[in-house]
$ cat query_7.pdb   # PDB, C-alpha atoms and all ligand atoms
ATOM      1  CA  MET C1003      73.049 106.292 107.363
ATOM      2  CA  THR C1004      71.269 107.317 104.129
ATOM      3  CA  VAL C1005      73.766 107.710 101.331
ATOM      4  CA  HIS C1006      72.720 109.428  98.127
ATOM      5  CA  VAL C1007      74.497 108.609  94.850
ATOM      6  CA  ARG C1008      74.404 111.190  92.056
ATOM      7  CA  SER C1009      76.289 112.239  88.932
ATOM      8  CA  TYR C1010      79.532 114.189  89.284
ATOM      9  CA  GLU C1011      79.247 117.979  88.914
ATOM     10  CA  PRO C1012      82.058 120.528  88.307
ATOM     11  CA  ALA C1013      81.751 121.746  91.933
ATOM     12  CA  ASP C1014      82.779 118.249  93.077
ATOM     13  CA  ALA C1015      86.412 118.743  92.023
ATOM     14  CA  GLN C1016      87.642 119.892  95.442
ATOM     15  CA  PRO C1017      85.506 117.487  97.558
ATOM     16  CA  THR C1018      86.450 114.458  95.445
ATOM     17  CA  ARG C1019      90.119 115.383  95.717
ATOM     18  CA  ARG C1020      89.661 115.603  99.505
ATOM     19  CA  VAL C1021      88.130 112.113  99.540
ATOM     20  CA  PHE C1022      90.974 110.818  97.316
ATOM     21  CA  GLN C1023      93.546 112.237  99.727
ATOM     22  CA  GLU C1024      91.798 110.996 102.876
ATOM     23  CA  ALA C1025      91.292 107.501 101.414
ATOM     24  CA  ILE C1026      94.907 107.170 100.303
ATOM     25  CA  ARG C1027      96.538 108.774 103.334
ATOM     26  CA  GLY C1028      94.090 107.256 105.814
ATOM     27  CA  THR C1029      93.311 103.797 104.401
ATOM     28  CA  ALA C1030      95.688 102.809 101.588
ATOM     29  CA  ALA C1031      98.719 104.104 103.531
ATOM     30  CA  LYS C1032      98.639 100.914 105.612
ATOM     31  CA  HIS C1033      99.656  98.989 102.468
ATOM     32  CA  TYR C1034     102.282 101.309 100.916
ATOM     33  CA  SER C1035     105.379 103.251 101.984
ATOM     34  CA  PRO C1036     105.324 107.039 102.538
ATOM     35  CA  VAL C1037     107.255 107.534  99.263
ATOM     36  CA  GLN C1038     104.670 105.482  97.359
ATOM     37  CA  ILE C1039     101.814 107.394  99.014
ATOM     38  CA  GLU C1040     103.304 110.793  98.093
ATOM     39  CA  ALA C1041     103.782 109.655  94.457
ATOM     40  CA  TRP C1042     100.188 108.398  94.263
ATOM     41  CA  CYS C1043      98.669 111.409  96.061
ATOM     42  CA  PRO C1044     100.998 114.428  95.855
ATOM     43  CA  THR C1045     100.378 117.207  98.342
ATOM     44  CA  GLU C1046     100.482 119.733  95.462
ATOM     45  CA  TYR C1047      97.946 119.207  92.689
ATOM     46  CA  ASP C1048      96.185 121.064  89.877
ATOM     47  CA  GLU C1049      92.475 121.277  90.756
ATOM     48  CA  THR C1050      91.455 122.205  87.185
ATOM     49  CA  ALA C1051      93.254 119.201  85.708
ATOM     50  CA  TRP C1052      91.798 116.986  88.452
ATOM     51  CA  GLY C1053      88.254 118.194  87.651
ATOM     52  CA  ARG C1054      88.746 117.702  83.898
ATOM     53  CA  ALA C1055      89.890 114.115  84.475
ATOM     54  CA  ARG C1056      86.803 113.361  86.571
ATOM     55  CA  GLU C1057      84.551 114.869  83.867
ATOM     56  CA  ARG C1058      86.235 112.857  81.092
ATOM     57  CA  ALA C1059      85.006 109.635  82.684
ATOM     58  CA  TRP C1060      81.444 108.798  83.745
ATOM     59  CA  THR C1061      81.756 109.672  87.435
ATOM     60  CA  VAL C1062      79.332 109.249  90.318
ATOM     61  CA  VAL C1063      79.663 110.606  93.845
ATOM     62  CA  ALA C1064      78.206 109.378  97.141
ATOM     63  CA  GLU C1065      76.876 112.036  99.499
ATOM     64  CA  LEU C1066      75.934 111.917 103.164
ATOM     65  CA  ASP C1067      74.182 114.954 104.644
ATOM     66  CA  GLY C1068      75.409 117.066 101.714
ATOM     67  CA  ASP C1069      79.050 115.996 102.033
ATOM     68  CA  VAL C1070      80.845 113.980  99.356
ATOM     69  CA  ILE C1071      82.100 110.778 101.040
ATOM     70  CA  GLY C1072      83.059 108.694  98.010
ATOM     71  CA  PHE C1073      83.270 108.516  94.228
ATOM     72  CA  CYS C1074      83.740 106.026  91.439
ATOM     73  CA  ASP C1075      83.941 106.153  87.650
ATOM     74  CA  LEU C1076      83.959 104.310  84.347
ATOM     75  CA  THR C1077      86.092 105.292  81.364
ATOM     76  CA  ASP C1078      84.929 104.977  77.760
ATOM     77  CA  ASP C1079      86.909 101.746  77.431
ATOM     78  CA  ALA C1080      85.047 100.129  80.363
ATOM     79  CA  GLU C1081      87.739 100.597  82.992
ATOM     80  CA  LEU C1082      86.705 101.403  86.548
ATOM     81  CA  ASP C1083      89.567 103.805  87.173
ATOM     82  CA  MET C1084      88.705 105.446  90.502
ATOM     83  CA  LEU C1085      87.076 104.078  93.669
ATOM     84  CA  PHE C1086      87.649 106.051  96.834
ATOM     85  CA  VAL C1087      85.672 106.262 100.071
ATOM     86  CA  ALA C1088      86.508 108.578 102.984
ATOM     87  CA  PRO C1089      87.803 106.554 105.969
ATOM     88  CA  SER C1090      85.125 108.136 108.185
ATOM     89  CA  ALA C1091      82.465 106.447 105.991
ATOM     90  CA  GLY C1092      84.363 103.186 105.423
ATOM     91  CA  GLY C1093      83.026  99.684 106.019
ATOM     92  CA  GLN C1094      79.398 100.711 105.580
ATOM     93  CA  GLY C1095      78.748  99.632 102.020
ATOM     94  CA  VAL C1096      79.488 102.921 100.234
ATOM     95  CA  ALA C1097      81.929 101.327  97.772
ATOM     96  CA  ARG C1098      79.453  98.512  97.110
ATOM     97  CA  LEU C1099      76.787 101.118  96.311
ATOM     98  CA  LEU C1100      79.079 103.090  93.988
ATOM     99  CA  VAL C1101      80.400 100.022  92.163
ATOM    100  CA  GLY C1102      76.826  98.759  91.756
ATOM    101  CA  GLU C1103      75.919 102.021  89.984
ATOM    102  CA  VAL C1104      78.964 101.827  87.733
ATOM    103  CA  LEU C1105      78.333  98.183  86.783
ATOM    104  CA  ALA C1106      74.669  98.948  86.024
ATOM    105  CA  TYR C1107      75.787 101.845  83.802
ATOM    106  CA  ALA C1108      78.346  99.599  82.064
ATOM    107  CA  ARG C1109      75.672  96.973  81.385
ATOM    108  CA  GLY C1110      73.410  99.677  79.992
ATOM    109  CA  ARG C1111      76.201 100.736  77.629
ATOM    110  CA  GLY C1112      76.463  97.157  76.379
ATOM    111  CA  HIS C1113      79.848  96.378  77.931
ATOM    112  CA  THR C1114      80.411  92.665  78.588
ATOM    113  CA  ALA C1115      83.170  93.188  81.176
ATOM    114  CA  VAL C1116      84.687  95.915  83.352
ATOM    115  CA  THR C1117      88.374  96.061  84.227
ATOM    116  CA  THR C1118      90.220  97.808  87.042
ATOM    117  CA  ARG C1119      93.694  98.182  88.482
ATOM    118  CA  ALA C1120      93.089  97.603  92.172
ATOM    119  CA  SER C1121      95.386  98.756  94.942
ATOM    120  CA  ARG C1122      96.454  96.338  97.674
ATOM    121  CA  ALA C1123      93.913  98.150  99.873
ATOM    122  CA  ALA C1124      91.028  97.742  97.425
ATOM    123  CA  ARG C1125      91.620  94.219  96.108
ATOM    124  CA  PRO C1126      89.586  92.475  98.890
ATOM    125  CA  ALA C1127      86.632  94.778  98.284
ATOM    126  CA  PHE C1128      86.747  94.204  94.511
ATOM    127  CA  GLU C1129      86.859  90.450  95.163
ATOM    128  CA  GLN C1130      83.733  90.809  97.305
ATOM    129  CA  PHE C1131      82.068  92.548  94.345
ATOM    130  CA  GLY C1132      82.897  89.611  92.019
ATOM    131  CA  PHE C1133      86.061  90.883  90.320
ATOM    132  CA  VAL C1134      88.854  88.360  89.762
ATOM    133  CA  VAL C1135      92.597  88.987  89.598
ATOM    134  CA  ASP C1136      94.152  88.623  86.128
ATOM    135  CA  ARG C1137      97.707  89.507  87.147
ATOM    136  CA  ALA C1138      99.807  91.340  89.710
ATOM    137  CA  ASN C1139     101.571  94.507  88.517
ATOM    138  CA  PRO C1140     104.556  94.839  90.901
ATOM    139  CA  ASP C1141     106.246  97.377  88.608
ATOM    140  CA  SER C1142     103.308  99.715  88.030
ATOM    141  CA  VAL C1143     104.805 103.213  88.182
ATOM    142  CA  ILE C1144     103.247 106.524  89.299
ATOM    143  CA  ARG C1145     105.406 109.661  88.947
ATOM    144  CA  GLY C1146     108.554 107.552  88.794
ATOM    145  CA  VAL C1147     107.760 105.392  91.839
ATOM    146  CA  ALA C1148     106.680 101.731  91.733
ATOM    147  CA  VAL C1149     103.222 101.445  93.326
ATOM    148  CA  PRO C1150     102.141  97.798  92.882
ATOM    149  CA  ASN C1151      98.549  96.946  92.020
ATOM    150  CA  PHE C1152      96.448  94.155  90.505
ATOM    151  CA  SER C1153      94.714  93.957  87.129
ATOM    152  CA  MET C1154      91.210  92.634  87.750
ATOM    153  CA  HIS C1155      87.978  92.244  85.801
ATOM    154  CA  ILE C1156      84.355  91.291  86.223
ATOM    155  CA  ASP C1157      82.257  89.587  83.537
ATOM    156  CA  LEU C1158      78.880  91.214  83.011
ATOM    157  CA  THR C1159      77.438  88.472  80.778
TER
HETATM  158  C1  LIG C1201      88.573 100.078  99.080
HETATM  159  C2  LIG C1201      87.509 101.051  99.519
HETATM  160  C3  LIG C1201      87.005 101.822  98.289
HETATM  161  C4  LIG C1201      86.351 100.294 100.151
HETATM  162  O1  LIG C1201      85.317 101.216 100.500
HETATM  163  P1  LIG C1201      84.191 100.873 101.604
HETATM  164  O2  LIG C1201      83.047 101.787 101.404
HETATM  165  O3  LIG C1201      84.810 100.830 102.951
HETATM  166  O4  LIG C1201      83.771  99.394 101.157
HETATM  167  P2  LIG C1201      82.406  98.653 101.516
HETATM  168  O5  LIG C1201      81.969  99.026 102.888
HETATM  169  O6  LIG C1201      81.416  98.861 100.404
HETATM  170  O7  LIG C1201      82.890  97.154 101.532
HETATM  171  C5  LIG C1201      82.937  96.398 100.375
HETATM  172  C6  LIG C1201      83.168  94.937 100.688
HETATM  173  O8  LIG C1201      84.561  94.681 100.736
HETATM  174  C7  LIG C1201      84.917  94.125 101.988
HETATM  175  N1  LIG C1201      86.214  94.683 102.355
HETATM  176  C8  LIG C1201      86.595  95.965 102.274
HETATM  177  N2  LIG C1201      87.883  96.096 102.680
HETATM  178  C9  LIG C1201      88.280  94.834 103.023
HETATM  179  C10 LIG C1201      89.497  94.299 103.513
HETATM  180  N3  LIG C1201      90.571  95.061 103.721
HETATM  181  N4  LIG C1201      89.569  92.977 103.729
HETATM  182  C11 LIG C1201      88.508  92.184 103.499
HETATM  183  N5  LIG C1201      87.327  92.633 103.037
HETATM  184  C12 LIG C1201      87.227  93.948 102.808
HETATM  185  C13 LIG C1201      83.807  94.520 102.935
HETATM  186  O9  LIG C1201      83.683  93.597 104.005
HETATM  187  C14 LIG C1201      82.595  94.494 102.032
HETATM  188  O10 LIG C1201      82.094  93.189 101.844
HETATM  189  P3  LIG C1201      80.521  92.870 102.043
HETATM  190  O11 LIG C1201      79.801  93.942 101.259
HETATM  191  O12 LIG C1201      80.355  91.506 101.471
HETATM  192  O13 LIG C1201      80.297  92.983 103.504
HETATM  193  C15 LIG C1201      88.069 102.077 100.554
HETATM  194  O14 LIG C1201      88.591 101.354 101.650
HETATM  195  C16 LIG C1201      89.156 102.972 100.026
HETATM  196  O15 LIG C1201      88.889 104.065  99.523
HETATM  197  N6  LIG C1201      90.441 102.528 100.131
HETATM  198  C17 LIG C1201      91.615 103.331  99.871
HETATM  199  C18 LIG C1201      91.731 103.819  98.475
HETATM  200  C19 LIG C1201      91.942 102.754  97.457
HETATM  201  O16 LIG C1201      92.825 101.937  97.560
HETATM  202  N7  LIG C1201      91.083 102.841  96.435
HETATM  203  C20 LIG C1201      91.109 101.973  95.322
HETATM  204  C21 LIG C1201      92.083 102.429  94.285
HETATM  205  S1  LIG C1201      92.194 101.185  93.032
END
$ encode --input "query_7.pdb" --output "structure tokens" --more "lines below"
Ligand SMILES: CC(C)(COP(=O)(O)OP(=O)(O)OC[C@H]1O[C@@H](n2cnc3c(N)ncnc32)[C@H](O)[C@@H]1OP(=O)(O)O)[C@@H](O)C(=O)NCCC(=O)NCCS
Amino acid sequence: MTVHVRSYEPADAQPTRRVFQEAIRGTAAKHYSPVQIEAWCPTEYDETAWGRARERAWTVVAELDGDVIGFCDLTDDAELDMLFVAPSAGGQGVARLLVGEVLAYARGRGHTAVTTRASRAARPAFEQFGFVVDRANPDSVIRGVAVPNFSMHIDLT
């Protein structure tokens, strides 16, 4: 499996949203209730607003045979906000590849640490990448619904 990582382009709005939906409904759904999943990943969404949000951050996508299978980003304040891999491509190092790119970019920008708010599904992967848990956020709310996560960070020094 040869995965290619490249910068996000405007045409990636729909494919990255598909990956987001598949990852949440296929992988993260094992860790959250249906109500939490619908709040996190509503069936109805605004593709233009989604695309703008991806372009506001520094976003990279992973491609396999021309299909987007994952994406990850870094905000201006050194937060890794999004990390999603399609279940069909899971467990093969795609997230490790994407996070490696983001951490290299963060180092290049002079950041000394990167933070994230990891889902229950993603926490073990972030721990494998060297992130540590700072606190649990049991009351983190998305669209009025509590969707617990963990504040984590990695030192880059
Ligand atoms: C979390 C996620 C991004 C991982 O993507 P992936 O491409 O399957 O991850 P990788 O194959 O790169 O694995 C990364 C490491 O984490 C480990 N890992 C991943 N999930 C794990 C789990 N549930 N338990 C233990 N270890 C796990 C892997 O063994 C691997 O370790 P290694 O590289 O030392 O072998 C993906 O499962 C996903 O999109 N999840 C649902 C969406 C989500 O919650 N996103 C995060 C929002 S904050």
$ closest_residue --input "query_7.pdb" --among "C:Leu1076, C:Ala1091, C:Ile1156, C:Ala1138" --to "Thr1114 of chain C" --atoms "all atoms listed in the file"
C:Ile1156
$ resolve_selection --input "query_7.pdb" --expression "the PyMOL selection byres (((not hetatm)) within 10 of (chain C and resi 1201))" --output "PDB file with C-alpha atoms, in the frame of the given file"
ATOM      1  CA  VAL C1021      88.130 112.113  99.540  1.00  0.00           C
ATOM      2  CA  PHE C1022      90.974 110.818  97.316  1.00  0.00           C
ATOM      3  CA  GLN C1023      93.546 112.237  99.727  1.00  0.00           C
ATOM      4  CA  GLU C1024      91.798 110.996 102.876  1.00  0.00           C
ATOM      5  CA  ALA C1025      91.292 107.501 101.414  1.00  0.00           C
ATOM      6  CA  ILE C1026      94.907 107.170 100.303  1.00  0.00           C
ATOM      7  CA  ARG C1027      96.538 108.774 103.334  1.00  0.00           C
ATOM      8  CA  GLY C1028      94.090 107.256 105.814  1.00  0.00           C
ATOM      9  CA  THR C1029      93.311 103.797 104.401  1.00  0.00           C
ATOM     10  CA  ALA C1030      95.688 102.809 101.588  1.00  0.00           C
ATOM     11  CA  ALA C1031      98.719 104.104 103.531  1.00  0.00           C
ATOM     12  CA  LYS C1032      98.639 100.914 105.612  1.00  0.00           C
ATOM     13  CA  HIS C1033      99.656  98.989 102.468  1.00  0.00           C
ATOM     14  CA  ALA C1064      78.206 109.378  97.141  1.00  0.00           C
ATOM     15  CA  ILE C1071      82.100 110.778 101.040  1.00  0.00           C
ATOM     16  CA  GLY C1072      83.059 108.694  98.010  1.00  0.00           C
ATOM     17  CA  PHE C1073      83.270 108.516  94.228  1.00  0.00           C
ATOM     18  CA  CYS C1074      83.740 106.026  91.439  1.00  0.00           C
ATOM     19  CA  LEU C1082      86.705 101.403  86.548  1.00  0.00           C
ATOM     20  CA  ASP C1083      89.567 103.805  87.173  1.00  0.00           C
ATOM     21  CA  MET C1084      88.705 105.446  90.502  1.00  0.00           C
ATOM     22  CA  LEU C1085      87.076 104.078  93.669  1.00  0.00           C
ATOM     23  CA  PHE C1086      87.649 106.051  96.834  1.00  0.00           C
ATOM     24  CA  VAL C1087      85.672 106.262 100.071  1.00  0.00           C
ATOM     25  CA  ALA C1088      86.508 108.578 102.984  1.00  0.00           C
ATOM     26  CA  PRO C1089      87.803 106.554 105.969  1.00  0.00           C
ATOM     27  CA  SER C1090      85.125 108.136 108.185  1.00  0.00           C
ATOM     28  CA  ALA C1091      82.465 106.447 105.991  1.00  0.00           C
ATOM     29  CA  GLY C1092      84.363 103.186 105.423  1.00  0.00           C
ATOM     30  CA  GLY C1093      83.026  99.684 106.019  1.00  0.00           C
ATOM     31  CA  GLN C1094      79.398 100.711 105.580  1.00  0.00           C
ATOM     32  CA  GLY C1095      78.748  99.632 102.020  1.00  0.00           C
ATOM     33  CA  VAL C1096      79.488 102.921 100.234  1.00  0.00           C
ATOM     34  CA  ALA C1097      81.929 101.327  97.772  1.00  0.00           C
ATOM     35  CA  ARG C1098      79.453  98.512  97.110  1.00  0.00           C
ATOM     36  CA  LEU C1099      76.787 101.118  96.311  1.00  0.00           C
ATOM     37  CA  LEU C1100      79.079 103.090  93.988  1.00  0.00           C
ATOM     38  CA  VAL C1101      80.400 100.022  92.163  1.00  0.00           C
ATOM     39  CA  GLY C1102      76.826  98.759  91.756  1.00  0.00           C
ATOM     40  CA  THR C1118      90.220  97.808  87.042  1.00  0.00           C
ATOM     41  CA  ARG C1119      93.694  98.182  88.482  1.00  0.00           C
ATOM     42  CA  ALA C1120      93.089  97.603  92.172  1.00  0.00           C
ATOM     43  CA  SER C1121      95.386  98.756  94.942  1.00  0.00           C
ATOM     44  CA  ARG C1122      96.454  96.338  97.674  1.00  0.00           C
ATOM     45  CA  ALA C1123      93.913  98.150  99.873  1.00  0.00           C
ATOM     46  CA  ALA C1124      91.028  97.742  97.425  1.00  0.00           C
ATOM     47  CA  ARG C1125      91.620  94.219  96.108  1.00  0.00           C
ATOM     48  CA  PRO C1126      89.586  92.475  98.890  1.00  0.00           C
ATOM     49  CA  ALA C1127      86.632  94.778  98.284  1.00  0.00           C
ATOM     50  CA  PHE C1128      86.747  94.204  94.511  1.00  0.00           C
ATOM     51  CA  GLU C1129      86.859  90.450  95.163  1.00  0.00           C
ATOM     52  CA  GLN C1130      83.733  90.809  97.305  1.00  0.00           C
ATOM     53  CA  PHE C1131      82.068  92.548  94.345  1.00  0.00           C
ATOM     54  CA  GLY C1132      82.897  89.611  92.019  1.00  0.00           C
ATOM     55  CA  ASN C1151      98.549  96.946  92.020  1.00  0.00           C
ATOM     56  CA  PHE C1152      96.448  94.155  90.505  1.00  0.00           C
ATOM     57  CA  SER C1153      94.714  93.957  87.129  1.00  0.00           C
TER      58      SER C1153
END
$ resolve_selection --input "query_7.pdb" --expression "the PyMOL selection byres (((chain C and resi 1045-1055) around 7) and not hetatm)" --output "list in words"
Pro1012, Ala1015, Gln1016, Cys1043, Pro1044, Arg1056, Glu1057, Arg1058 and Ala1059 of chain C
$ closest_residue --input "query_7.pdb" --among "C:Arg1145, C:Arg1137, C:Arg1020, C:Arg1008" --to "Val1104 of chain C" --atoms "all atoms listed in the file"
C:Arg1008
$ atom_distance --input "query_7.pdb" --atom1 "atom CA of Val1134 of chain C" --atom2 "atom CA of Thr1077 of chain C"
19.1 Å
